[in-house]
Amino acid sequence: MPGGQEIKHIIHGCVEANRESQKEFYKMFYGFAMAICMRYCNTKDEAMEVVNDGFLKIYRELHQFKPAYENYEASLKGWMKRIIVNTSIDHFRKNSKSYLVGEINDLHHEITDTQESSINKLSYKEIMEIIQRLSPVYRAVFNLHVIDGFTHEEIASQLNIAVGTSKSNLAKAKINIQKMLKEADTNLYEQKAV
């Protein structure tokens, strides 16, 4: 990754609508943006669409970027992450007509600590694959709350659902993840026994 001065130079070029600077900026941060989008999207093609929409928004707003921290790159990534997450939410809302979102009682389910050993055995990629297997609604709420730190009130506002639905969807997502981890643990045990 280029140093802070080089990033500033590339950003200046992007603000000036220089195609080469935009291309360089895209190459530098494509992986970062794609990793975020893959958490919210069903397919790689869908994630690519969201990444491209996100970069268009970033290019339009880059002139307003002000570093929040001494570390310029960390500030930029934090700023970009917010735009990419919001673009992912916009995409989800646009396509939410095909997803089932129902009002469900506000149930709270406790996740037992027995599955912690399963998580410790999994790589980041395997954990992300498990999250990817959640339904789009559960995946969106799980990512927004657990990974991106949104409150249930913010999630409800962003996804146009009730706060209780957000809480319920998170609880159900955790239950589904717990089941998938248990399956993975069982499969791992059976492979070792053979």
# chains A, B, ... in the order shown; residues from 1 in each chain; ligands from 1
call {"tool": "residues_around", "arguments": {"residues": "Met180 (chain A)", "least_positions_apart": "3", "cutoff": "10 Å", "atoms": "only C-alpha atoms", "output": "list of chain:residue names"}}
result
A:Ser118, A:Ile130, A:Ile131, A:Arg133, A:Leu134, A:Lys174, A:Ile175, A:Asn176, A:Ile177, A:Glu183, A:Ala184, A:Asp185, A:Thr186
call {"tool": "select_by_dssp", "arguments": {"residues": "region 122-154 of chain A", "states": "alpha helix (DSSP H)", "output": "list in words"}}
result
Tyr124, Lys125, Glu126, Ile127, Met128, Glu129, Ile130, Ile131, Gln132, Pro136, Val137, Tyr138, Arg139, Ala140, Val141, Phe142, His152, Glu153 and Glu154 of chain A
call {"tool": "closest_residue", "arguments": {"among": "A:His12, A:Lys57, A:Lys23, A:Lys172", "to": "Met80 (chain A)", "atoms": "only C-alpha atoms"}}
result
A:Lys57
call {"tool": "closest_residue", "arguments": {"among": "A:Ile11, A:Leu76, A:Val141, A:Ile58", "to": "Arg39 (chain A)", "atoms": "only C-alpha atoms"}}
result
A:Val141
call {"tool": "closest_residue", "arguments": {"among": "A:Pro136, A:Gly13, A:Gly164, A:Gly31", "to": "Lys77 (chain A)", "atoms": "only C-alpha atoms"}}
result
A:Gly31
call {"tool": "closest_residue", "arguments": {"among": "A:Ile7, A:Ile161, A:Ala33, A:Ala171", "to": "Ser21 (chain A)", "atoms": "only C-alpha atoms"}}
result
A:Ile7
call {"tool": "atom_distance", "arguments": {"atom1": "CA of Lys182 (chain A)", "atom2": "CA of Ile155 (chain A)"}}
result
28.0 Å
